[in-house]
>>> print(open('entry-v7.txt').read())   # compact mmCIF, C-alpha atoms and all ligand atoms
# COMPACT_ATOMS: atom_id res chain seq x y z
CA MET A 1 107.76 87.57 101.03
CA VAL A 2 110.67 89.57 102.39
CA GLN A 3 113.46 87.40 103.72
CA GLU A 4 116.22 88.29 106.08
CA VAL A 5 119.60 88.04 104.43
CA ASN A 6 122.14 86.08 106.43
CA PRO A 7 125.62 87.58 106.36
CA LEU A 8 127.18 84.53 104.68
CA PRO A 9 130.69 84.92 103.30
CA THR A 10 129.37 84.38 99.77
CA HIS A 11 127.31 87.57 99.94
CA ALA A 12 128.64 90.83 98.53
CA GLU A 13 129.45 93.72 100.84
CA ARG A 14 126.75 95.89 99.29
CA LEU A 15 123.99 93.72 100.76
CA LYS A 16 124.76 95.16 104.19
CA ALA A 17 124.04 98.67 103.00
CA ILE A 18 120.62 97.78 101.59
CA SER A 19 119.23 95.35 104.18
CA GLY A 20 116.06 97.37 104.88
CA ALA A 21 116.35 96.40 108.56
CA VAL A 22 113.33 98.41 109.78
CA PHE A 23 111.03 96.78 107.26
CA PHE A 24 112.30 93.24 107.96
CA GLU A 25 111.82 93.83 111.66
CA MET A 26 108.21 94.96 111.20
CA GLU A 27 107.46 92.03 108.88
CA ARG A 28 108.85 89.59 111.42
CA LYS A 29 106.81 91.08 114.25
CA LYS A 30 103.63 90.96 112.19
CA SER A 31 104.20 87.27 111.38
CA GLU A 32 104.86 86.50 115.05
CA LEU A 33 101.59 88.11 116.09
CA ARG A 34 99.65 86.34 113.36
CA GLU A 35 101.17 83.00 114.37
CA ALA A 36 100.08 83.72 117.94
CA GLY A 37 96.53 83.99 116.60
CA ARG A 38 96.20 87.78 116.88
CA SER A 39 94.38 89.75 114.20
CA VAL A 40 96.71 92.18 112.46
CA ILE A 41 95.48 95.18 110.45
CA ASP A 42 98.43 95.90 108.22
CA LEU A 43 98.65 99.61 107.44
CA GLY A 44 102.39 99.28 106.96
CA ILE A 45 102.99 98.28 103.36
CA GLY A 46 101.39 100.44 100.66
CA SER A 47 99.94 97.76 98.40
CA PRO A 48 96.66 98.88 96.79
CA ASP A 49 93.73 96.61 97.72
CA GLN A 50 91.40 97.47 94.81
CA THR A 51 90.98 96.00 91.31
CA PRO A 52 91.42 97.93 88.04
CA ALA A 53 88.42 99.35 86.15
CA ARG A 54 86.30 96.94 84.11
CA HIS A 55 87.49 98.26 80.72
CA VAL A 56 91.13 97.81 81.77
CA HIS A 57 90.46 94.26 82.84
CA SER A 58 88.67 93.54 79.55
CA ALA A 59 91.56 94.95 77.50
CA LEU A 60 94.00 92.73 79.39
CA HIS A 61 91.78 89.70 78.85
CA ALA A 62 91.41 90.30 75.11
CA ALA A 63 95.15 90.90 74.65
CA ILE A 64 96.06 87.72 76.52
CA ASP A 65 94.01 85.70 74.01
CA ASP A 66 96.17 86.97 71.14
CA PRO A 67 98.60 84.15 70.27
CA GLY A 68 101.03 86.79 68.94
CA ALA A 69 101.55 88.24 72.42
CA TYR A 70 103.95 85.62 73.73
CA GLY A 71 107.27 86.55 72.19
CA TYR A 72 109.76 88.83 73.92
CA PRO A 73 108.41 92.35 74.15
CA ARG A 74 110.90 95.20 73.64
CA THR A 75 112.53 97.26 76.35
CA GLN A 76 111.26 100.59 75.07
CA GLY A 77 107.61 99.49 75.10
CA THR A 78 105.01 99.27 72.34
CA PRO A 79 104.42 102.37 70.19
CA GLY A 80 100.75 102.19 71.24
CA PHE A 81 101.53 102.40 74.95
CA ARG A 82 104.07 105.17 74.48
CA GLN A 83 101.56 107.14 72.40
CA ALA A 84 98.89 106.66 75.07
CA ALA A 85 101.39 107.87 77.69
CA ALA A 86 102.24 110.96 75.62
CA HIS A 87 98.55 111.66 75.09
CA PHE A 88 97.90 111.30 78.84
CA LEU A 89 100.65 113.80 79.68
CA SER A 90 99.21 116.26 77.20
CA ALA A 91 95.59 115.82 78.34
CA ARG A 92 96.30 115.93 82.08
CA TYR A 93 99.27 118.31 82.45
CA GLN A 94 99.62 120.11 79.09
CA VAL A 95 103.02 118.44 78.66
CA ASP A 96 104.17 117.72 75.11
CA VAL A 97 106.55 114.83 74.51
CA ASP A 98 107.58 112.85 71.45
CA SER A 99 106.31 109.32 72.12
CA ASP A 100 109.21 107.88 70.12
CA THR A 101 112.17 109.50 71.86
CA GLU A 102 110.79 111.06 75.03
CA VAL A 103 108.79 108.17 76.56
CA LEU A 104 110.15 104.92 77.98
CA THR A 105 107.96 102.09 79.30
CA LEU A 106 108.94 100.72 82.71
CA LEU A 107 108.25 97.54 84.67
CA GLY A 108 106.74 99.74 87.34
CA ALA A 109 108.34 102.99 88.46
CA GLN A 110 110.47 100.85 90.77
CA ASP A 111 112.30 99.56 87.69
CA GLY A 112 113.20 103.05 86.54
CA LEU A 113 114.07 104.22 90.06
CA ALA A 114 116.27 101.19 90.69
CA HIS A 115 118.22 101.55 87.47
CA LEU A 116 118.59 105.28 86.81
CA ALA A 117 121.60 105.74 89.11
CA LEU A 118 123.44 103.05 87.11
CA ALA A 119 123.03 105.24 84.05
CA VAL A 120 124.22 108.52 85.56
CA ALA A 121 126.48 107.96 88.58
CA ASP A 122 129.89 106.34 89.00
CA PRO A 123 131.68 105.51 92.26
CA GLY A 124 132.68 108.84 93.83
CA ASP A 125 129.65 110.62 92.38
CA ILE A 126 126.81 111.86 94.56
CA VAL A 127 123.06 111.54 94.16
CA LEU A 128 120.84 113.91 96.15
CA VAL A 129 117.97 111.94 97.71
CA PRO A 130 115.07 113.20 99.82
CA ASP A 131 115.19 112.30 103.53
CA PRO A 132 112.70 110.97 104.53
CA GLY A 133 112.22 109.26 101.17
CA TYR A 134 111.01 106.18 99.37
CA PRO A 135 113.74 103.61 100.18
CA ILE A 136 114.74 102.63 96.62
CA TYR A 137 116.11 106.13 95.97
CA GLU A 138 119.00 105.59 98.37
CA VAL A 139 119.34 101.87 97.67
CA SER A 140 119.66 102.42 93.90
CA VAL A 141 122.56 104.80 94.48
CA ARG A 142 124.35 102.30 96.70
CA LEU A 143 123.79 99.52 94.15
CA ALA A 144 125.47 101.75 91.57
CA GLY A 145 128.46 102.18 93.91
CA ALA A 146 127.80 105.93 94.14
CA THR A 147 127.11 107.94 97.30
CA PRO A 148 123.65 109.07 98.39
CA TYR A 149 123.50 112.51 100.02
CA PRO A 150 120.30 112.94 102.05
CA VAL A 151 118.51 116.24 101.49
CA PRO A 152 116.55 116.78 104.71
CA LEU A 153 112.84 117.51 104.50
CA ARG A 154 111.37 119.10 107.63
CA GLU A 155 107.89 119.76 108.87
CA ASP A 156 108.63 123.44 109.57
CA GLU A 157 109.72 123.80 105.93
CA ALA A 158 106.55 122.10 104.67
CA TRP A 159 108.64 119.01 103.77
CA LEU A 160 110.23 120.87 100.85
CA PRO A 161 113.95 120.62 100.02
CA ASP A 162 116.25 123.55 100.82
CA LEU A 163 118.61 123.33 97.83
CA GLN A 164 120.55 126.42 98.96
CA ALA A 165 121.60 124.53 102.08
CA ILE A 166 123.41 121.84 100.06
CA PRO A 167 127.16 122.46 100.42
CA GLU A 168 128.86 123.71 97.25
CA ASP A 169 131.32 120.79 97.02
CA ILE A 170 128.46 118.27 97.34
CA ALA A 171 126.41 120.01 94.67
CA ARG A 172 129.42 119.97 92.32
CA ARG A 173 129.90 116.23 92.74
CA ALA A 174 126.18 115.50 92.37
CA LYS A 175 124.95 113.87 89.16
CA LEU A 176 121.25 113.56 90.00
CA LEU A 177 118.62 115.17 92.24
CA ILE A 178 115.55 113.09 93.12
CA LEU A 179 112.21 114.75 93.95
CA ASN A 180 108.85 113.17 94.79
CA TYR A 181 105.64 115.22 95.09
CA PRO A 182 102.99 114.56 96.25
CA ASN A 183 105.43 112.97 98.67
CA ASN A 184 105.72 109.51 100.14
CA PRO A 185 105.90 109.31 103.16
CA THR A 186 105.14 112.91 104.23
CA THR A 187 102.08 113.41 101.91
CA ALA A 188 103.36 116.93 101.17
CA MET A 189 102.49 118.73 97.94
CA ALA A 190 105.01 121.00 96.25
CA PRO A 191 104.36 124.45 94.80
CA VAL A 192 105.74 124.76 91.25
CA SER A 193 108.55 126.96 92.59
CA VAL A 194 110.18 123.78 93.95
CA PHE A 195 110.43 122.42 90.40
CA ASP A 196 111.65 125.77 89.04
CA ASP A 197 114.33 125.95 91.74
CA ALA A 198 115.38 122.38 90.96
CA ILE A 199 115.69 123.18 87.25
CA ALA A 200 117.85 126.26 87.97
CA PHE A 201 119.95 124.22 90.43
CA ALA A 202 120.41 121.43 87.86
CA LYS A 203 121.55 123.90 85.20
CA ARG A 204 123.93 125.62 87.61
CA TYR A 205 125.62 122.40 88.78
CA ASP A 206 125.15 120.37 85.61
CA LEU A 207 123.13 117.53 87.09
CA TRP A 208 119.97 115.62 86.19
CA VAL A 209 116.59 115.79 87.92
CA LEU A 210 114.25 112.84 88.42
CA HIS A 211 110.73 113.58 89.58
CA ASP A 212 108.81 110.57 90.88
CA ALA A 213 105.15 111.43 90.23
CA ALA A 214 103.61 108.22 91.62
CA TYR A 215 100.89 110.18 93.50
CA ILE A 216 100.32 113.05 91.06
CA GLU A 217 96.67 112.07 90.57
CA LEU A 218 95.82 111.12 94.17
CA THR A 219 94.97 114.65 95.27
CA PHE A 220 92.04 116.03 97.25
CA ASP A 221 91.02 119.36 98.54
CA SER A 222 89.76 119.41 102.09
CA THR A 223 86.13 118.83 101.30
CA ASP A 224 85.82 116.85 98.10
CA SER A 225 87.68 114.85 95.52
CA ALA A 226 87.22 117.28 92.61
CA ALA A 227 90.71 118.80 92.89
CA GLY A 228 92.94 118.83 89.81
CA PRO A 229 96.14 116.80 89.63
CA ALA A 230 99.24 117.99 91.46
CA PRO A 231 101.64 119.94 89.22
CA SER A 232 103.90 118.08 86.81
CA PHE A 233 107.62 118.82 86.87
CA LEU A 234 107.64 118.36 83.08
CA ALA A 235 105.19 121.22 82.65
CA ARG A 236 107.79 123.69 83.98
CA PRO A 237 109.93 125.69 81.52
CA GLY A 238 113.29 124.01 80.96
CA ALA A 239 112.35 120.75 82.71
CA LYS A 240 112.96 118.65 79.62
CA ASP A 241 116.50 120.07 79.35
CA VAL A 242 117.48 118.59 82.68
CA GLY A 243 115.27 115.70 83.64
CA ILE A 244 112.57 113.12 83.49
CA GLU A 245 109.37 112.32 85.36
CA MET A 246 108.10 108.85 86.24
CA HIS A 247 104.38 108.06 86.17
CA SER A 248 103.12 104.83 87.68
CA LEU A 249 99.84 103.07 86.94
CA SER A 250 100.06 101.18 90.26
CA LYS A 251 98.34 103.59 92.62
CA THR A 252 96.08 105.68 90.37
CA PHE A 253 94.69 102.71 88.45
CA HIS A 254 95.02 99.95 91.09
CA PHE A 255 97.48 98.24 88.73
CA ALA A 256 100.40 97.42 91.02
CA GLY A 257 100.69 93.69 90.32
CA PRO A 258 101.05 93.82 86.53
CA ARG A 259 104.06 96.22 86.84
CA LEU A 260 103.55 99.14 84.47
CA ALA A 261 104.81 102.71 84.49
CA PHE A 262 106.55 105.11 82.16
CA ALA A 263 109.28 107.72 82.26
CA ALA A 264 109.04 110.83 80.10
CA GLY A 265 111.19 113.86 79.41
CA ASN A 266 114.80 114.31 78.38
CA ALA A 267 115.59 112.03 75.42
CA GLU A 268 119.30 111.69 76.21
CA LEU A 269 118.66 110.59 79.80
CA LEU A 270 115.97 108.16 78.67
CA ARG A 271 118.37 106.72 76.09
CA ALA A 272 120.94 106.13 78.83
CA LEU A 273 118.36 104.39 81.01
CA THR A 274 117.26 102.32 78.00
CA VAL A 275 120.85 101.10 77.50
CA ILE A 276 120.95 99.85 81.10
CA LYS A 277 117.50 98.31 80.93
CA SER A 278 117.96 96.64 77.55
CA ASN A 279 120.77 94.63 79.14
CA ILE A 280 118.57 93.64 82.08
CA ASP A 281 114.98 93.18 80.85
CA TYR A 282 113.15 92.74 77.56
CA GLY A 283 110.18 94.90 78.40
CA VAL A 284 106.67 94.63 79.79
CA PHE A 285 104.43 91.74 78.64
CA THR A 286 102.48 93.35 75.80
CA PRO A 287 98.95 92.47 77.06
CA ILE A 288 99.77 94.50 80.16
CA GLN A 289 100.72 97.42 77.95
CA SER A 290 97.41 96.99 76.08
CA ALA A 291 95.55 97.22 79.39
CA GLY A 292 97.67 100.27 80.22
CA ILE A 293 96.56 101.93 76.98
CA ALA A 294 92.93 101.40 78.01
CA ALA A 295 93.63 102.83 81.48
CA LEU A 296 95.44 105.93 80.20
CA ARG A 297 93.03 106.67 77.33
CA ASP A 298 89.80 106.31 79.33
CA HIS A 299 91.02 107.62 82.68
CA HIS A 300 88.45 110.08 84.02
CA GLY A 301 86.22 107.62 85.89
CA ALA A 302 89.12 105.75 87.45
CA ILE A 303 90.90 108.87 88.67
CA ALA A 304 87.74 110.36 90.18
CA ALA A 305 86.95 107.03 91.86
CA ALA A 306 90.46 106.61 93.29
CA ARG A 307 90.39 110.12 94.73
CA ALA A 308 86.96 109.64 96.27
CA LEU A 309 88.07 106.31 97.73
CA TYR A 310 91.21 107.63 99.45
CA LEU A 311 89.49 110.82 100.57
CA GLN A 312 86.77 108.79 102.30
CA ARG A 313 89.35 106.49 103.85
CA ARG A 314 91.49 109.38 105.02
CA ASP A 315 88.57 110.96 106.81
CA ALA A 316 87.35 107.68 108.29
CA PHE A 317 90.82 107.00 109.70
CA LEU A 318 91.60 110.52 110.92
CA ALA A 319 88.29 111.35 112.62
CA PRO A 320 88.74 109.20 115.76
CA LEU A 321 92.43 110.13 116.07
CA ILE A 322 91.89 113.87 115.82
CA ARG A 323 88.92 113.63 118.21
CA ALA A 324 91.24 111.88 120.67
CA GLY A 325 93.62 114.84 120.48
CA TRP A 326 96.33 113.51 118.13
CA ALA A 327 97.21 116.59 116.05
CA ILE A 328 97.70 115.05 112.61
CA PRO A 329 97.72 117.42 109.63
CA VAL A 330 95.04 116.40 107.12
CA PRO A 331 96.79 115.05 103.99
CA GLN A 332 95.90 116.77 100.72
CA ALA A 333 97.26 113.94 98.58
CA THR A 334 98.58 110.33 98.45
CA MET A 335 97.23 107.20 100.12
CA PHE A 336 99.07 107.79 103.40
CA VAL A 337 98.73 109.45 106.76
CA TRP A 338 102.01 110.80 108.19
CA ALA A 339 101.75 111.47 111.89
CA LYS A 340 104.09 112.82 114.52
CA VAL A 341 104.64 110.26 117.29
CA PRO A 342 102.32 111.50 120.07
CA THR A 343 104.49 110.22 122.94
CA THR A 344 108.15 110.55 123.93
CA GLU A 345 108.95 107.18 122.30
CA ASP A 346 111.02 107.01 119.13
CA SER A 347 109.22 105.91 115.96
CA ARG A 348 110.31 102.28 116.26
CA ALA A 349 109.28 101.93 119.91
CA PHE A 350 105.92 103.57 119.22
CA ALA A 351 105.20 101.42 116.14
CA ASP A 352 106.20 98.32 118.12
CA ARG A 353 103.94 99.13 121.01
CA LEU A 354 101.07 99.99 118.68
CA LEU A 355 101.43 96.63 116.97
CA ARG A 356 101.66 94.69 120.25
CA GLN A 357 98.79 96.47 121.97
CA THR A 358 96.36 96.95 119.06
CA GLY A 359 97.46 94.64 116.23
CA ILE A 360 97.77 97.65 113.92
CA ALA A 361 100.94 97.86 111.87
CA CYS A 362 102.43 101.10 110.58
CA VAL A 363 105.92 102.02 109.34
CA PRO A 364 108.26 103.82 111.75
CA GLY A 365 109.50 107.02 110.10
CA ILE A 366 113.14 106.07 110.63
CA GLY A 367 112.61 103.43 107.91
CA PHE A 368 112.49 106.32 105.40
CA GLY A 369 115.68 107.99 106.60
CA ARG A 370 117.02 109.87 109.61
CA SER A 371 114.75 112.86 109.13
CA GLY A 372 111.76 110.52 109.28
CA GLU A 373 112.47 109.85 112.96
CA GLY A 374 109.68 111.07 115.22
CA TYR A 375 106.92 110.14 112.75
CA VAL A 376 104.98 107.08 111.60
CA ARG A 377 103.24 106.33 108.32
CA PHE A 378 99.89 104.61 107.92
CA SER A 379 98.77 103.34 104.47
CA LEU A 380 95.08 103.68 103.68
CA VAL A 381 94.85 100.25 102.09
CA ARG A 382 91.79 98.94 103.90
CA ALA A 383 88.06 99.72 103.63
CA ALA A 384 86.88 102.88 105.40
CA VAL A 385 85.00 100.94 108.10
CA GLU A 386 88.06 98.90 108.93
CA LEU A 387 90.25 102.02 109.03
CA ASN A 388 87.76 103.69 111.34
CA GLU A 389 87.82 100.62 113.60
CA ALA A 390 91.65 100.60 113.51
CA ALA A 391 91.82 104.27 114.47
CA THR A 392 89.38 103.73 117.33
CA ARG A 393 91.59 100.90 118.60
CA ILE A 394 94.63 103.19 118.36
CA THR A 395 92.99 105.90 120.49
CA ALA A 396 92.86 103.43 123.38
CA VAL A 397 96.65 103.34 123.69
CA LEU A 398 97.69 106.93 122.99
C1 LIG B 401 104.50 102.89 95.18
C2 LIG B 401 105.57 103.85 94.79
C3 LIG B 401 106.34 103.65 93.63
C4 LIG B 401 106.33 102.32 92.90
O1 LIG B 401 105.53 102.30 91.85
P1 LIG B 401 105.52 101.04 90.88
O2 LIG B 401 105.12 101.65 89.59
O3 LIG B 401 104.51 100.08 91.42
O4 LIG B 401 106.87 100.43 90.84
C5 LIG B 401 107.25 104.62 93.25
N1 LIG B 401 107.44 105.71 93.99
C6 LIG B 401 106.74 105.93 95.12
C7 LIG B 401 107.00 107.16 95.90
C8 LIG B 401 105.80 104.99 95.56
O5 LIG B 401 105.16 105.19 96.71
>>> encode(input="entry-v7.txt", output="C-alpha cells", more="lines below")
Ligand SMILES: *Cc1c(COP(=O)(O)O)cnc(C)c1O
Amino acid sequence: MVQEVNPLPTHAERLKAISGAVFFEMERKKSELREAGRSVIDLGIGSPDQTPARHVHSALHAAIDDPGAYGYPRTQGTPGFRQAAAHFLSARYQVDVDSDTEVLTLLGAQDGLAHLALAVADPGDIVLVPDPGYPIYEVSVRLAGATPYPVPLREDEAWLPDLQAIPEDIARRAKLLILNYPNNPTTAMAPVSVFDDAIAFAKRYDLWVLHDAAYIELTFDSTDSAAGPAPSFLARPGAKDVGIEMHSLSKTFHFAGPRLAFAAGNAELLRALTVIKSNIDYGVFTPIQSAGIAALRDHHGAIAAARALYLQRRDAFLAPLIRAGWAIPVPQATMFVWAKVPTTEDSRAFADRLLRQTGIACVPGIGFGRSGEGYVRFSLVRAAVELNEAATRITAVL
C-alpha cells in the first residue's frame, strides 16, 4: 500500500522531490469512497489482473520443489534465463545479442529503470526524460542527484520527441535519453525513424539511450490482434553502440508479481548497471527465472492471447464513450486508454469528479508530467463486461 510520507526532520530532502503527490491523492480518495461503502472500479493503477500461462505456472512449481533453489541467486541472472532472453530477441525482433555480456536479468524493469541513472549520471548531469512519462524515469534521476530535463511529447506531434528542439547546452550536459514506445501513458507507437534519430543524437552528443519496451508485444491493428510486435530499438543499426532496451515479462505474460525483466544491448552500459545492482540486490529467485525461461521459449500462445484480451477490452471500453461523443483516438498498443479531458476542467478536477460521481478511478495526466495535463489515463485491467459497464457509467457525467 502506498503511504504518505510525513515531512519529519529525519527524512532526507530528496523525499520531497519524489512524493508522487497525484498518486497518493487518488489512492486516498479511493480508500475514502470504499470506506463510505461505494463501489470503486479502479482503472487507475496498471496492475495486470490475469494469471500466467499454465506451462509457466508449472515450470515455477517444479523449480520451487528443487531444494537447490534456495541459496542467493546472482545479480546477472542464470545463464539459462539470459540465453532464453537472447533467443527471444532473435526470434521476435531479429536482434542478436551475446547472452553472456549483452543481457542482464532484472527484478522487473522497474529495477533497471530505478538504478540506471546511478550508473551514468552525477550531480550536475542531465537526463532527458519523456513528458508525459512513466514516473520512475524522473524519480530515478532525482535519486541519483542528477537533473531530469523533460522532453515534451505532444498530441499534434503524435507524442514523439522533437530532439532538435532540445537546447544545445542541455544536450551537451545530458548523459542519457529515455524513450518508451509503445508509450505509457499516451499509447503512441513510434516509427523506426525515432530510434534512428535517437541513435544519431546519442552519437553526436555522446550520451546513452535507454528504450523501455514494456509494451512492445501489446500491439493491435484496428480490427484484429494479429499485428506483429512494435519495432525494437535494438534492431536499428548502431543501437548497440549507444544503448540498451528493457523487456518486461509483467504485462505480456501476466507476470508482474514475481518481478522479472531483462535489459539487453550495450555491454559496457550493462556492466555499469551490474556494478550498481550487485551492491544492492543478489538477483531474481531462480525458480522465477525458470518460469521466465518457459514463458520466453514458448511464447506464441501467450502473446496472441494477451493481444486478443486487451483488444477486446479496449473496444468494450471505448464503444460507449465514442458513441457518447467523446473523441478518443483508438489505441493501437498498450493496456491503456489516453483521453483528452472532455470538459474545461483540469485533469485532476475531472478525475476527482469522475471518481465521486461514478466510482471510476483513472489517473490525471498531470501525474505523468506537465505535458500530461489536459488528459486522463484509464488502465484496461478489468473484464470487458465490467469495462463496458464502467464506460456506460462515465457517459452519464460527461
Ligand atoms: C509497467 C511498466 C514497467 C514496469 O515493469 P516491471 O517489469 O513490472 O517492473 C516499466 N515501464 C513501463 C512504461 C510500464 O508501464
>>> residues_around(input="entry-v7.txt", residues="range 33-48 of chain A", least_positions_apart="2", cutoff="6 Å", atoms="only C-alpha atoms", output="MDAnalysis selection string")
chainID A and resid 30:31 50 359:363 378:379 381
>>> residues_near_ligand(input="entry-v7.txt", ligand="ligand LIG 401 (chain B)", cutoff="7 Å", atoms="all atoms listed in the file", output="number ranges by chain")
A: 46, 107-111, 134, 180, 183-184, 212, 214, 248-251, 256, 259-261
>>> closest_residue(input="entry-v7.txt", among="A:Ala391, A:Leu160, A:Val139, A:Ala304", to="Thr187 in chain A", atoms="only C-alpha atoms")
A:Leu160
>>> closest_residue(input="entry-v7.txt", among="A:Gly292, A:Ala319, A:Thr105, A:Leu311", to="Ala53 in chain A", atoms="all atoms listed in the file")
A:Gly292
>>> closest_residue(input="entry-v7.txt", among="A:Ala306, A:Ile136, A:Ile280, A:Val127", to="Tyr215 in chain A", atoms="all atoms listed in the file")
A:Ala306
>>> residues_around(input="entry-v7.txt", residues="Ile170 in chain A", least_positions_apart="6", cutoff="9 Å", atoms="all atoms listed in the file", output="list in words")
Ile126, Leu128 and Tyr149 of chain A
>>> atom_distance(input="entry-v7.txt", atom1="CA of Ala59 in chain A", atom2="CA of Phe88 in chain A")
17.6 Å
>>> atom_distance(input="entry-v7.txt", atom1="CA of Gln357 in chain A", atom2="CA of Arg393 in chain A")
9.1 Å
>>> atom_distance(input="entry-v7.txt", atom1="CA of Leu380 in chain A", atom2="CA of Phe195 in chain A")
27.6 Å
>>> closest_residue(input="entry-v7.txt", among="A:Ile276, A:Leu354, A:Leu296, A:Ala239", to="Thr75 in chain A", atoms="all atoms listed in the file")
A:Ile276
>>> closest_residue(input="entry-v7.txt", among="A:Ala21, A:Ile64, A:Pro152, A:Tyr72", to="Ser278 in chain A", atoms="only C-alpha atoms")
A:Tyr72
>>> residues_around(input="entry-v7.txt", residues="Val22 in chain A", least_positions_apart="3", cutoff="7 Å", atoms="all atoms listed in the file", output="PDB file with C-alpha atoms, keeping the file's coordinate frame")
ATOM      1  CA  GLU A  25     111.820  93.830 111.660  1.00  0.00           C
ATOM      2  CA  MET A  26     108.210  94.960 111.200  1.00  0.00           C
ATOM      3  CA  GLY A 367     112.610 103.430 107.910  1.00  0.00           C
TER       4      GLY A 367
END
>>> residues_around(input="entry-v7.txt", residues="His61 in chain A", least_positions_apart="6", cutoff="12 Å", atoms="all atoms listed in the file", output="PyMOL selection string")
chain A and resi 54-55+69+286-291+294
>>> closest_residue(input="entry-v7.txt", among="A:Val103, A:Val194, A:Leu153, A:Ala316", to="Ser371 in chain A", atoms="only C-alpha atoms")
A:Leu153
>>> residues_around(input="entry-v7.txt", residues="Ile199 in chain A", least_positions_apart="6", cutoff="8 Å", atoms="only C-alpha atoms", output="PyMOL selection string")
chain A and resi 209+238-239+242
>>> axis_aligned_box(input="entry-v7.txt", around="range 251-270 of chain A", padding_each_side="4 Å", output="lines of an AutoDock Vina configuration file")
center_x = 107.0
center_y = 104.0
center_z = 84.0
size_x = 32.6
size_y = 28.6
size_z = 25.2
>>> residues_near_point(input="entry-v7.txt", point="(120.6, 95.6, 101.4)", cutoff="10 Å", atoms="all atoms listed in the file", output="PyMOL selection string")
chain A and resi 4-5+12-21+139+142-143
>>> build_atoms(input="entry-v7.txt", residues="range 370-382 of chain A", atoms="N, CA, C and O atoms", output="compact mmCIF listing (two decimals), in the frame of the given file")
# COMPACT_ATOMS: atom_id res chain seq x y z
N ARG A 370 116.86 109.27 108.28
CA ARG A 370 117.02 109.87 109.61
C ARG A 370 116.03 110.97 109.91
O ARG A 370 115.54 111.10 111.02
N SER A 371 115.69 111.76 108.88
CA SER A 371 114.75 112.86 109.13
C SER A 371 113.31 112.38 109.27
O SER A 371 112.41 113.18 109.55
N GLY A 372 113.10 111.07 109.06
CA GLY A 372 111.76 110.52 109.28
C GLY A 372 111.53 110.15 110.75
O GLY A 372 110.41 109.82 111.15
N GLU A 373 112.60 110.19 111.53
CA GLU A 373 112.47 109.85 112.96
C GLU A 373 111.48 110.80 113.63
O GLU A 373 111.41 111.99 113.28
N GLY A 374 110.67 110.23 114.54
CA GLY A 374 109.68 111.07 115.22
C GLY A 374 108.30 111.01 114.57
O GLY A 374 107.36 111.62 115.06
N TYR A 375 108.20 110.25 113.47
CA TYR A 375 106.92 110.14 112.75
C TYR A 375 106.62 108.67 112.42
O TYR A 375 107.53 107.84 112.45
N VAL A 376 105.36 108.40 112.13
CA VAL A 376 104.98 107.08 111.60
C VAL A 376 104.08 107.26 110.39
O VAL A 376 103.41 108.30 110.26
N ARG A 377 104.08 106.26 109.51
CA ARG A 377 103.24 106.33 108.32
C ARG A 377 102.21 105.20 108.31
O ARG A 377 102.56 104.04 108.51
N PHE A 378 100.97 105.58 108.10
CA PHE A 378 99.89 104.61 107.92
C PHE A 378 99.48 104.62 106.45
O PHE A 378 99.30 105.69 105.86
N SER A 379 99.29 103.43 105.85
CA SER A 379 98.77 103.34 104.47
C SER A 379 97.28 103.08 104.52
O SER A 379 96.83 102.22 105.26
N LEU A 380 96.55 103.80 103.67
CA LEU A 380 95.08 103.68 103.68
C LEU A 380 94.64 102.58 102.72
O LEU A 380 93.89 102.83 101.77
N VAL A 381 95.10 101.36 103.01
CA VAL A 381 94.85 100.25 102.09
C VAL A 381 93.81 99.26 102.60
O VAL A 381 93.84 98.08 102.25
N ARG A 382 92.90 99.75 103.45
CA ARG A 382 91.79 98.94 103.90
C ARG A 382 90.50 99.75 103.71
O ARG A 382 90.54 100.96 103.55
